[in-house]
Each structure stands twice: as structure tokens, then as C-alpha cells.
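Worksheet: the structure to be examined is printed underneath.
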Amino acid sequence: MRNVLGVINLVNERPILKELTHHRCLASVPFGGRYRMIDFTMSNFMNVSVSKVAIFTKDKYRSLMDHLGSGKEWDLDHRSQGLFILPSIHPDEKIKGDLQQFYDHLEFFQRATADTVIIAPGHHICKIDFNHVIKEHERNEADITVLYKDYDGISVKRPLYHQCSLETNGEVRDINLYTSPKKGDHICLETYVIKKQLLIDLIKNCIEYDEYDFLKDIVKANLINLKVQGYHFTGYMPFIHSLETYHASSMEFLNPEIIRNYFYDSWEVFTKIKHEAPAVFANSSSVSNSLIANGCIIEGIVENSIIFRGVKVRKGAVVKNSIIMQKGEIEEGAQIENVITDKQVIITRDQIIKARKKPMVIKKEEVI
Amino acid sequence: MPSKKWVAMLLAGGQGSRLGELTNDLAKPAVPFGGKYRIIDFTLSNCTHSGIDTVGILTQYRPHILNSYIGNGRPWDLDRNNGGVSMLPPYQGKDGGEWYKGTANAVYQNFHYIDHYDPEYVLVISGDHIYKMDYNKMLEDHIVKGAHATIAVIEVPWEEANRFGIMNTNETDRIIEFDEKPKHPKNNLASMGVYIFNWKHLKKYLTEDEQDNGSTNDFGKDIIPKMLNDKSNLQAYRFKDYWKDVGTIESLWEAHMDLLKEPSDFELGEPSWQIYAGNANHPPQYISEDADVTQSLVNEGCLVFGKIDHSVLSYNVQVGSGSFVKDSVIMPNVKIGKNVIIEKAIIGSGTIIEDGAVISDSKQALTLIGENQRISTESALLQAL
């Protein structure tokens, strides 16, 4: 079995999902009816039998810690290996970059018995077979492998993504930071494979020269000195960078083909276990094209929606094109359309909320 | 190690032969129930909610699935440093060993296990009933009345009383007589198979019972009558909520139908009394555009493209388009093809129902399909004959 160390790097996260990321980090945003975004990366790590995972957190990680617990659900509660949450050790200072935090916790890398490290962000909704990535990394005798995907989302004006340009042999020629991508552009997934000792040496080296950014100062700066190989990820993965893209990507999970692809055809996606009862569909209910999690009681009408665990949709209530997060309640006669309600929101009797162009978010625990 | 106030001994060794093909490979307590549970989860969750942290599970028949399911007891908060859950199959000692001869003998053979915790009381329960009960309240009653033993009872309809062990009581609910399946019942208080004993008292009777060659070593048939004979203080504890023995195919089906009533006879999702289960991980249930689901329980991992009415779909069940499932219990991992009709049936785990099959009894009787079967249109016809 391989000896691989998993790193989930949340240091570069930005609160791009407005209300949904006001009080929680991006990795901890609920997704797909019963998951948090980080579950996908955690489960990808499980599939490659990662025995030790470190999560480098930035801020607002209370809900993330609650979600991950001891790591038991991802088979990470081991005596010596397991799950490590590594926050900044300078609570009063602004962090200079992910490398600073890696350096502050360098002991974690030094102590690990693994020889290969995977670094990934916490919010990618995808299934990457890292067994194959590592195999390619070794076959190419690469120092660093950088994963990229061809952009297939809608055009964005804001410069949110980094792009790779490649040589014909698949080596990375250059990396352009902060670009506005068009369809087909090679987007850097900020996901890397690197040997542990090389990583430690590079981190130390950078810190010595006051360099703090992994992508810029380790990858981009060493394109000539090191063999930096591109890995073309061709699987499905939505590009999520705004509430609209979050809503649209969620709705894509109502496609049975995508559901099968993510949840039935390959390894499982694991999440925190809750002891919710089976979903109750009342005689008065009418549900179509929707995901309904356990613990829900559906008495009303639900169409094209994603309903998280423990939600109640009362008699005569209508939910369309919406995402109702955990423990929400849509009371009798209320109607919502194109709405994202955060956890524990109550839409009271006969309220009508219909968002037209953009999905509307109702903040956590609000009563409307 | 501090001694325990009480420990629970959970009887889970029975085959449950009246559950037919559902218990070919597993013991009755391990039979799936309610879409995501196994029957034993209800008793174990009762223990958790009653604050019992030491549970011995007595196994004998086909224990493997139960063993791996219970594991270290974590889902029920029974992974404890002191106590927790222990699987107790029959074992060999210095003087040999033997199978459990009866419920009382099973506990007798494990009296070292109980003595190890030096408890004041022992709760004896079985893993084949569906109910939510706070055993603490029963213990309080037991202590207040200074009883040697307390037996939980439930009122059953008079016409059914002859199917149960009936407790005849005086005006203060002290038990004066025990009638096993009486032809002419004098009372309608049926034993629920839930007992609290003072451990010292019980130990004495278990030891004596062991010397009695004519005994069947059974709590109901031997221990309780002997205690009554000796004028021990035996009290009935009346339980008023839902309780169901799911020992037969019919009662298993009925208990599922009870879940589906509006309002339900037995709520699975009560926030203050969750039923814990050794959960597998499954994606959320997908209900397609053309699907129609009414008055049903649907679990995680289900993909529903057909019409479901008044049924329970367990986890990982798939129902193809054009199919219709009514008044049925579909156990985990069942795959139902397209244009299938299933009416009033229990479909065992892992079974595949091929496209176009019809499972429906012309006389409206309950149909049972066992585990891991493959049912085509032809075999469905044979089933009907």
C-alpha cells in the first residue's frame, strides 16, 4: 500500500458564497443534500488510503471541526495517524501565505512516515482518482504534478482562477495567476502531488527568502529548476465561485446520470453520520425531480429542489428550484422559488418568496 | 472498578423460524426493520436512553451478522472503558461447555459476567420487539414497591390474550399468577419479555433451576412460576405506549404498516428518542420527475423512478420507471426493474425483481420473497401459484 499524506489547504479560501460563507469557511458549506463541500476531497483521500490528513485552516472553522469530529467517518481515528486540524499559530497577525502556515507546522510533515504528499483545496466537488494521479506522477518522474481542468463554466469577469499553459509533453510551461477564464482554458485546480522531502526543503527555502505562496513561490518559481508535470483532470467538476454557480451546480445533482457518477459508480462519498429517521412522504405530498435526505417530513409539494436532513415541508407548502438546508421548515401554505435557505430557517405560514434572476439566500436561523 | 447499579442482558439467540426465509442467514434481532434499522436497534436504543452503559448480548443462532453489526457498540454509545457492549455466545469452561438450553440458562451461564460488575439489578430484555421504553421508570417502580422482580406488561385485546403469557394481578398490580397462553384468560396483561430482577435473588433461582432436571430453563415457564410459588414479591409494570412483537411475517408487515399511519402509531423520528443504528453511508434519496411517492418511508441511497404508495423503502433500493409498489416492505439493496407491480409483499434484502414481474396475491394475502433472489416474470407467476 502507498504511504500518502493528505493536506487540505484552506489558507487560500475566500468567502465567495456571501451569506453562506459569512459564518463558516468555504469547505464547510453544505452541498448535495447531506454533505459539506470538504467531504468530496476527504473521500477522494480515503480512496487512495491516505492514513494521515492535515487540514490547514484559515478562519471560521468551528462548524468544520464539528463536522469532522475525530475523523471516524473517513476512517481516520487511528492511534498514531489520523486527522489533524492545524490552524494559524499567529492569531493576531495577518497570515502571509499558505507556506507560512505549512512552515509553522513543519513538524507535522517531518514526523509523518509518508513519502508522498497530496495537497488539495477543500471545496472542490469532484471525484479524483489519486491512485492514478500518483501513478502518473511516478511514471513521469515528476517533482511536482499540478492538476488542471478545462474550464467549462460560464465566463467570469472577476480574476478568480489561475491558468496553466503546457508544453506538448504535458509539462507545465507557465502559470498565470488571477485570470478571468474562458471556455477551454486550463484551470489550475490548486491540487498537487509532491514528494515529502522535496516539499520540506522547498518550504524552508522559501521562508528563508520571505516567500509565502505555494503556487507562486514553489510551483511557478521552479518551473525551470524542477520537473513540473500537468495532470489533465477530465472528470466532472462544477466551477463554483458565486451564489449563482453554487445554486446551478447543486441543481446539476438532480441529473440521475451525475448522481450515479458521483455516488454509485465509484467509491463512496462519506459524511458525518446523523441518526435521522427515514424520510416521511405523507399522503398529501408530491415530490418530483428532487433529492430528499433522511429525517425530512414532506407533506407539501417539492419540485426540482435539494432538501437536506431534517427539513419539514408542511401541507400546502410549495418548494421549487430551491435548496433547503438542514432543519429548515416551510410552514403550511408558504411558497418559495429559487431560494437557498441556510440551516434552521423557518418560512412561516403563507409567506411567498420568489426570486427571479438570481437565487436569494435566507440567512441561518432566520424566521420569515 | 466501581460496581454498576444495573446491567442489561439482551436475549438475541433465537432463530426466529416464523420469519421464514428472512432468518436463513441471520438471527431474528438482526432482521432489517423500518427501512434503516435492525430489530435489535430498538432495544439497544432504549438502553442508551435509559442510561444503561453495560449490555451483554446473548447470541447463539447465526451470530455473525449481528457480531459485525454491533461491533464495539459505538452507534449506541456503548463503546465504554468500563462496561459497554459484550457479545456473549456459549463458551467452553474447565468442565466443558454447552449450548444455551433456554433463556434462563443463557443468563445462568454468564453469571460471572454479571458478577464482574456486581450490580444491584439485572434487566433482562429481548432483541425482537419494537417499542420505545424508558427502563428507568420501571426500575423506579421496582424500587418503590420493594419488588424481587418486576415484569413489564401491556394490555392486549382480550380475544388475543390466549397468544401471550398473561399476568394475573391483584388490585396493586402485584402478580399472583402467571398463565402461559391460557385458553380462558382471566386477564389481558401480557408479558413484554422485559424483566428487572434483584440480582442476588435471581442468582439464587437460576442456580436452583440449573439443578432441576425437569426444568426447561426458561424465564417465563420456570423462573417466574417458581418465584411466585415461593411468594416472592413480583410486580407488574404497566406499559401504555406502542409495543409490537415482530416474530412472524404477518406481524413484521403489520408493524411496518403501523409506521405509515397518519399520524403514525410509532414515530421513528422523535427528536428526544432517536433510534440509533449502525449506519452505512448512502447518498440522499433521489425522486425523479415521473416518480410519485405517497404515504411512504424512503431511505438514503434510494433511486425512485416509479410510483410508491403506502410502503417502506429501505436504504439503497432502486425502483425503475413504470413500476408500482403498494402496501409493501422493501428491504435494503433491492433492485426493482421497470414496469414491475408489487402489492402487499415483503421483499428480502438484495433481491432483484426483473422488468415486468408482477408480485401480487390474487387473494390479497401477504407475499414473502427471501433474500438475494432473482425474480423474473416467470418466477413471479410461479410464486403466485
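By convention here, the chains of the C-alpha cells are called A, B, ... in the order presented, each chain's residues are numbered starting at 1, and ligands are numbered starting at 1 in the order presented.
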Tell me, which residues of range 29-75 of chain A carry DSSP alpha helix (DSSP H), written as a PDB file with C-alpha atoms, in the first residue's frame?
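Dumped everything to states.pdb:
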ATOM      1  CA  ILE A  38     -14.955  19.120   2.119  1.00  0.00           C
ATOM      2  CA  ASP A  39     -16.476  15.610   2.147  1.00  0.00           C
ATOM      3  CA  PHE A  40     -15.603  15.117  -1.509  1.00  0.00           C
ATOM      4  CA  THR A  41     -11.890  15.761  -1.021  1.00  0.00           C
ATOM      5  CA  MET A  42     -11.869  13.764   2.218  1.00  0.00           C
ATOM      6  CA  SER A  43     -13.473  10.825   0.411  1.00  0.00           C
ATOM      7  CA  ASN A  44     -11.043  11.126  -2.512  1.00  0.00           C
ATOM      8  CA  PHE A  45      -8.244  10.865   0.042  1.00  0.00           C
ATOM      9  CA  MET A  46      -9.869   7.792   1.566  1.00  0.00           C
ATOM     10  CA  ASN A  47      -9.942   6.142  -1.829  1.00  0.00           C
ATOM     11  CA  ARG A  62     -15.891  25.881  14.143  1.00  0.00           C
ATOM     12  CA  SER A  63     -18.535  24.185  12.008  1.00  0.00           C
ATOM     13  CA  LEU A  64     -15.805  22.346  10.114  1.00  0.00           C
ATOM     14  CA  MET A  65     -14.377  20.923  13.340  1.00  0.00           C
ATOM     15  CA  ASP A  66     -17.836  19.930  14.479  1.00  0.00           C
ATOM     16  CA  HIS A  67     -18.420  18.216  11.152  1.00  0.00           C
ATOM     17  CA  LEU A  68     -15.127  16.317  11.034  1.00  0.00           C
TER      18      LEU A  68
END
What are the nearest atom pairs, with distances in Å to one decimal, for all residues of chain B that come at most 8 Å from chain A, using only C-alpha atoms, set out by chain and rising residue number as a tab-separated table?
residue	atom	partner	partner_atom	distance
B:Gly34	CA	A:Pro278	CA	7.9
B:Gly35	CA	A:Pro278	CA	6.7
B:Lys36	CA	A:Pro278	CA	7.0
B:Glu262	CA	A:Ala282	CA	7.7
B:Leu268	CA	A:Ala277	CA	5.7
B:Gly269	CA	A:Ala277	CA	4.9
B:Gln274	CA	A:His275	CA	6.8
B:Ile275	CA	A:His275	CA	7.0
B:Tyr276	CA	A:His275	CA	5.8
B:Ala277	CA	A:His275	CA	7.0
B:Asn279	CA	A:Ile273	CA	7.3
B:Asn281	CA	A:Phe270	CA	6.3
B:His282	CA	A:Glu268	CA	7.8
B:Pro283	CA	A:Phe263	CA	6.3
B:Pro284	CA	A:Ala293	CA	4.7
B:Gln285	CA	A:Ile292	CA	5.4
B:Tyr286	CA	A:Leu291	CA	4.6
B:Ile287	CA	A:Ser290	CA	5.4
B:Ser288	CA	A:Asn289	CA	4.2
B:Glu289	CA	A:Asn289	CA	4.2
B:Asp290	CA	A:Ser288	CA	6.7
B:Ala291	CA	A:Ser288	CA	6.3
B:Asp292	CA	A:Val287	CA	6.7
B:Val293	CA	A:Phe281	CA	6.6
B:Thr294	CA	A:Asn283	CA	4.7
B:Gln295	CA	A:Asn283	CA	4.3
B:Ser296	CA	A:Phe281	CA	5.1
B:Leu297	CA	A:Val280	CA	4.8
B:Val298	CA	A:Ala279	CA	5.3
B:Asn299	CA	A:Pro278	CA	4.9
B:Glu300	CA	A:Asn294	CA	6.2
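Taking CA of Thr234 in chain A and CA of Asn12 in chain A as the two end points, the separation is 23.8 Å.
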ask   = Which residues in range 211-342 of chain B does DSSP call strand (DSSP E or B)? List them as a PyMOL selection string.
value = chain B and resi 234-238+243-245+285-287+292-294+296-298+303-304+307-309+312-313+318-319+324-326+329-330+335-336+341-342
Emit the selected residues as a PDB file, in the first residue's frame, including C-alpha atoms.
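Here's the written file out16.pdb:
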ATOM      1  CA  LEU B 234     -43.374  -9.875  41.795  1.00  0.00           C
ATOM      2  CA  GLN B 235     -44.803  -6.685  40.387  1.00  0.00           C
ATOM      3  CA  ALA B 236     -46.380  -5.895  37.045  1.00  0.00           C
ATOM      4  CA  TYR B 237     -45.282  -2.640  35.434  1.00  0.00           C
ATOM      5  CA  ARG B 238     -47.883  -1.350  33.026  1.00  0.00           C
ATOM      6  CA  TRP B 243     -45.168  -2.349  21.632  1.00  0.00           C
ATOM      7  CA  LYS B 244     -45.061  -4.983  18.942  1.00  0.00           C
ATOM      8  CA  ASP B 245     -43.697  -8.496  18.812  1.00  0.00           C
ATOM      9  CA  GLN B 285     -32.685   9.707  -1.957  1.00  0.00           C
ATOM     10  CA  TYR B 286     -33.495  10.834  -5.489  1.00  0.00           C
ATOM     11  CA  ILE B 287     -37.128  11.108  -6.523  1.00  0.00           C
ATOM     12  CA  ASP B 292     -44.837   9.571  -7.338  1.00  0.00           C
ATOM     13  CA  VAL B 293     -44.345   8.806  -3.658  1.00  0.00           C
ATOM     14  CA  THR B 294     -47.194   8.941  -1.161  1.00  0.00           C
ATOM     15  CA  SER B 296     -44.307   6.095   2.482  1.00  0.00           C
ATOM     16  CA  LEU B 297     -40.939   5.994   4.189  1.00  0.00           C
ATOM     17  CA  VAL B 298     -37.990   6.305   1.848  1.00  0.00           C
ATOM     18  CA  LEU B 303     -33.364   5.961  -6.552  1.00  0.00           C
ATOM     19  CA  VAL B 304     -37.084   6.159  -7.270  1.00  0.00           C
ATOM     20  CA  LYS B 307     -44.846   5.027  -8.125  1.00  0.00           C
ATOM     21  CA  ILE B 308     -44.718   4.183  -4.440  1.00  0.00           C
ATOM     22  CA  ASP B 309     -47.770   4.164  -2.226  1.00  0.00           C
ATOM     23  CA  VAL B 312     -41.367   1.321   3.218  1.00  0.00           C
ATOM     24  CA  LEU B 313     -38.273   1.532   1.018  1.00  0.00           C
ATOM     25  CA  GLN B 318     -33.958   1.236  -6.724  1.00  0.00           C
ATOM     26  CA  VAL B 319     -37.365   1.347  -8.367  1.00  0.00           C
ATOM     27  CA  PHE B 324     -45.774   0.404  -8.849  1.00  0.00           C
ATOM     28  CA  VAL B 325     -45.140  -0.613  -5.245  1.00  0.00           C
ATOM     29  CA  LYS B 326     -48.062  -0.652  -2.846  1.00  0.00           C
ATOM     30  CA  VAL B 329     -41.891  -3.542   2.702  1.00  0.00           C
ATOM     31  CA  ILE B 330     -38.779  -3.435   0.527  1.00  0.00           C
ATOM     32  CA  LYS B 335     -33.352  -3.586  -7.205  1.00  0.00           C
ATOM     33  CA  ILE B 336     -36.766  -3.339  -8.824  1.00  0.00           C
ATOM     34  CA  ILE B 341     -46.018  -4.440  -9.859  1.00  0.00           C
ATOM     35  CA  ILE B 342     -45.574  -5.320  -6.194  1.00  0.00           C
TER      36      ILE B 342
END
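Nearest residue to Asp179 in chain B among B:Gly220, B:Gly51, B:Gly96, B:Gly146 is B:Gly220, counting only C-alpha atoms.
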*Spatial neighbours of Glu371 in chain B, 8 Å, only C-alpha atoms, chain gap at least 6 places, as a ChimeraX atom specification*: /B:21-22,347-351
Just to be explicit: take each residue in the selection above, keep all heavy atoms, and write the result as a PDB file, in the first residue's frame.
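The resulting out-v8.pdb:
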ATOM      1  N   GLU B  21     -37.842 -17.297   5.430  1.00  0.00           N
ATOM      2  CA  GLU B  21     -36.599 -17.106   4.685  1.00  0.00           C
ATOM      3  C   GLU B  21     -35.805 -15.884   5.138  1.00  0.00           C
ATOM      4  O   GLU B  21     -34.639 -15.751   4.800  1.00  0.00           O
ATOM      5  CB  GLU B  21     -36.910 -16.956   3.198  1.00  0.00           C
ATOM      6  CG  GLU B  21     -37.342 -18.267   2.554  1.00  0.00           C
ATOM      7  CD  GLU B  21     -37.784 -18.025   1.128  1.00  0.00           C
ATOM      8  OE1 GLU B  21     -36.930 -17.644   0.323  1.00  0.00           O
ATOM      9  OE2 GLU B  21     -38.978 -18.192   0.839  1.00  0.00           O
ATOM     10  N   LEU B  22     -36.440 -14.984   5.883  1.00  0.00           N
ATOM     11  CA  LEU B  22     -35.706 -13.795   6.306  1.00  0.00           C
ATOM     12  C   LEU B  22     -34.631 -14.126   7.329  1.00  0.00           C
ATOM     13  O   LEU B  22     -33.704 -13.357   7.533  1.00  0.00           O
ATOM     14  CB  LEU B  22     -36.666 -12.752   6.891  1.00  0.00           C
ATOM     15  CG  LEU B  22     -37.644 -12.122   5.910  1.00  0.00           C
ATOM     16  CD1 LEU B  22     -38.522 -11.115   6.633  1.00  0.00           C
ATOM     17  CD2 LEU B  22     -36.914 -11.443   4.761  1.00  0.00           C
ATOM     18  N   ILE B 347     -40.116  -7.895   0.474  1.00  0.00           N
ATOM     19  CA  ILE B 347     -39.058  -8.338  -0.439  1.00  0.00           C
ATOM     20  C   ILE B 347     -37.747  -8.319   0.353  1.00  0.00           C
ATOM     21  O   ILE B 347     -37.325  -7.270   0.831  1.00  0.00           O
ATOM     22  CB  ILE B 347     -38.940  -7.391  -1.662  1.00  0.00           C
ATOM     23  CG1 ILE B 347     -40.319  -7.128  -2.303  1.00  0.00           C
ATOM     24  CG2 ILE B 347     -37.940  -7.957  -2.663  1.00  0.00           C
ATOM     25  CD1 ILE B 347     -40.936  -8.291  -3.005  1.00  0.00           C
ATOM     26  N   GLY B 348     -37.115  -9.474   0.490  1.00  0.00           N
ATOM     27  CA  GLY B 348     -35.895  -9.601   1.286  1.00  0.00           C
ATOM     28  C   GLY B 348     -34.702  -8.880   0.681  1.00  0.00           C
ATOM     29  O   GLY B 348     -34.653  -8.637  -0.530  1.00  0.00           O
ATOM     30  N   SER B 349     -33.715  -8.577   1.515  1.00  0.00           N
ATOM     31  CA  SER B 349     -32.541  -7.784   1.119  1.00  0.00           C
ATOM     32  C   SER B 349     -31.838  -8.355  -0.103  1.00  0.00           C
ATOM     33  O   SER B 349     -31.701  -9.568  -0.239  1.00  0.00           O
ATOM     34  CB  SER B 349     -31.526  -7.747   2.260  1.00  0.00           C
ATOM     35  OG  SER B 349     -32.141  -7.330   3.440  1.00  0.00           O
ATOM     36  N   GLY B 350     -31.383  -7.466  -0.952  1.00  0.00           N
ATOM     37  CA  GLY B 350     -30.529  -7.852  -2.066  1.00  0.00           C
ATOM     38  C   GLY B 350     -31.223  -8.552  -3.214  1.00  0.00           C
ATOM     39  O   GLY B 350     -30.575  -8.963  -4.180  1.00  0.00           O
ATOM     40  N   THR B 351     -32.537  -8.681  -3.120  1.00  0.00           N
ATOM     41  CA  THR B 351     -33.259  -9.375  -4.187  1.00  0.00           C
ATOM     42  C   THR B 351     -33.406  -8.467  -5.408  1.00  0.00           C
ATOM     43  O   THR B 351     -33.496  -7.252  -5.287  1.00  0.00           O
ATOM     44  CB  THR B 351     -34.623  -9.856  -3.657  1.00  0.00           C
ATOM     45  OG1 THR B 351     -34.393 -10.983  -2.825  1.00  0.00           O
ATOM     46  CG2 THR B 351     -35.593 -10.233  -4.759  1.00  0.00           C
TER      47      THR B 351
END
Show me, as JSON, numbers by chain, the residues that have an atom within 10 Å of Ser3 in chain B when counting only C-alpha atoms, minus same-chain residues fewer than 6 positions from it. {"B": [82, 115, 116, 117, 118, 119, 120]}
Preceding selection exported with all heavy atoms as a short mmCIF file (atom, residue, chain, number, x, y, z; two decimals), in the first residue's frame:
data_model
loop_
_atom_site.label_atom_id
_atom_site.label_comp_id
_atom_site.auth_asym_id
_atom_site.auth_seq_id
_atom_site.Cartn_x
_atom_site.Cartn_y
_atom_site.Cartn_z
N ASN B 82 -15.43 1.20 30.88
CA ASN B 82 -15.91 0.30 31.92
C ASN B 82 -17.32 -0.13 31.54
O ASN B 82 -18.25 0.66 31.60
CB ASN B 82 -15.88 1.03 33.27
CG ASN B 82 -16.47 0.19 34.38
OD1 ASN B 82 -16.67 -1.02 34.23
ND2 ASN B 82 -16.77 0.84 35.50
N ASP B 115 -21.62 -10.87 37.64
CA ASP B 115 -20.95 -10.69 38.93
C ASP B 115 -19.75 -9.74 38.83
O ASP B 115 -19.44 -9.02 39.77
CB ASP B 115 -20.47 -12.05 39.47
CG ASP B 115 -21.52 -12.67 40.39
OD1 ASP B 115 -22.45 -11.95 40.80
OD2 ASP B 115 -21.41 -13.88 40.68
N HIS B 116 -19.10 -9.78 37.69
CA HIS B 116 -17.94 -8.92 37.48
C HIS B 116 -18.30 -7.44 37.72
O HIS B 116 -17.48 -6.67 38.20
CB HIS B 116 -17.44 -9.13 36.04
CG HIS B 116 -16.31 -8.24 35.65
ND1 HIS B 116 -15.03 -8.41 36.11
CD2 HIS B 116 -16.27 -7.15 34.84
CE1 HIS B 116 -14.26 -7.47 35.60
NE2 HIS B 116 -14.98 -6.70 34.82
N TYR B 117 -19.53 -7.08 37.38
CA TYR B 117 -19.96 -5.68 37.57
C TYR B 117 -20.68 -5.47 38.89
O TYR B 117 -21.06 -4.35 39.22
CB TYR B 117 -20.86 -5.24 36.40
CG TYR B 117 -20.12 -5.25 35.08
CD1 TYR B 117 -20.34 -6.24 34.13
CD2 TYR B 117 -19.17 -4.27 34.81
CE1 TYR B 117 -19.64 -6.26 32.94
CE2 TYR B 117 -18.47 -4.28 33.62
CZ TYR B 117 -18.70 -5.28 32.69
OH TYR B 117 -18.00 -5.28 31.52
N ASP B 118 -20.92 -6.56 39.60
CA ASP B 118 -21.53 -6.52 40.93
C ASP B 118 -22.76 -5.60 40.98
O ASP B 118 -22.83 -4.68 41.79
CB ASP B 118 -20.46 -6.03 41.93
CG ASP B 118 -20.96 -6.13 43.37
OD1 ASP B 118 -21.86 -6.95 43.63
OD2 ASP B 118 -20.48 -5.35 44.21
N PRO B 119 -23.73 -5.85 40.12
CA PRO B 119 -24.86 -4.92 40.05
C PRO B 119 -25.92 -5.23 41.12
O PRO B 119 -26.00 -6.37 41.62
CB PRO B 119 -25.44 -5.20 38.67
CG PRO B 119 -25.19 -6.65 38.45
CD PRO B 119 -23.90 -6.97 39.16
N GLU B 120 -26.70 -4.23 41.44
CA GLU B 120 -27.85 -4.43 42.31
C GLU B 120 -28.98 -5.12 41.54
O GLU B 120 -29.64 -6.01 42.04
CB GLU B 120 -28.30 -3.04 42.80
CG GLU B 120 -29.32 -3.07 43.90
CD GLU B 120 -28.67 -3.13 45.27
OE1 GLU B 120 -27.43 -3.12 45.36
OE2 GLU B 120 -29.41 -3.17 46.24
#
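Excluding Gly356 in chain B itself and any same-chain residue fewer than 2 positions from it, the protein and nucleic acid residues within 7 Å of it, counting only C-alpha atoms, are B:Lys338, B:Asn339, B:Val340, B:Glu354, B:Val358, B:Thr377.
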Residues near range 112-126 of chain A, cut-off 6 Å, only C-alpha atoms, skip fewer than 5 positions along chain, as a PyMOL selection string
chain A and resi 3-10+27+37-38+40+191-196+237
Would you export the selected residues with C-alpha atoms as a PDB file, in the first residue's frame, please?
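Wrote out06.pdb, looks like this:
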ATOM      1  CA  ASN A   3       2.164   5.761   2.099  1.00  0.00           C
ATOM      2  CA  VAL A   4       0.475   9.055   1.334  1.00  0.00           C
ATOM      3  CA  LEU A   5      -0.100  12.182   3.362  1.00  0.00           C
ATOM      4  CA  GLY A   6      -3.182  14.269   2.598  1.00  0.00           C
ATOM      5  CA  VAL A   7      -3.179  18.029   3.021  1.00  0.00           C
ATOM      6  CA  ILE A   8      -6.317  20.104   2.672  1.00  0.00           C
ATOM      7  CA  ASN A   9      -5.254  23.681   2.269  1.00  0.00           C
ATOM      8  CA  LEU A  10      -7.918  26.196   3.310  1.00  0.00           C
ATOM      9  CA  ALA A  27     -15.040  23.926   2.816  1.00  0.00           C
ATOM     10  CA  MET A  37     -18.010  20.538   0.369  1.00  0.00           C
ATOM     11  CA  ILE A  38     -14.955  19.120   2.119  1.00  0.00           C
ATOM     12  CA  PHE A  40     -15.603  15.117  -1.509  1.00  0.00           C
ATOM     13  CA  THR A 191      -4.151  20.324  -6.325  1.00  0.00           C
ATOM     14  CA  TYR A 192      -0.640  18.917  -6.314  1.00  0.00           C
ATOM     15  CA  VAL A 193       1.376  15.774  -5.753  1.00  0.00           C
ATOM     16  CA  ILE A 194       4.918  16.189  -4.430  1.00  0.00           C
ATOM     17  CA  LYS A 195       7.487  14.115  -2.555  1.00  0.00           C
ATOM     18  CA  LYS A 196       7.508  14.934   1.126  1.00  0.00           C
ATOM     19  CA  MET A 237     -16.462  19.053 -11.549  1.00  0.00           C
TER      20      MET A 237
END
Counting only C-alpha atoms, the residue among B:Asn168, B:Tyr242, B:Thr207, B:Lys344 that lies closest to Pro225 in chain B is B:Asn168
Using only C-alpha atoms, the shortest atom-to-atom distance to Cys25 in chain A among A:Leu86, A:Val339, A:Val11, A:Val318 belongs to A:Val11
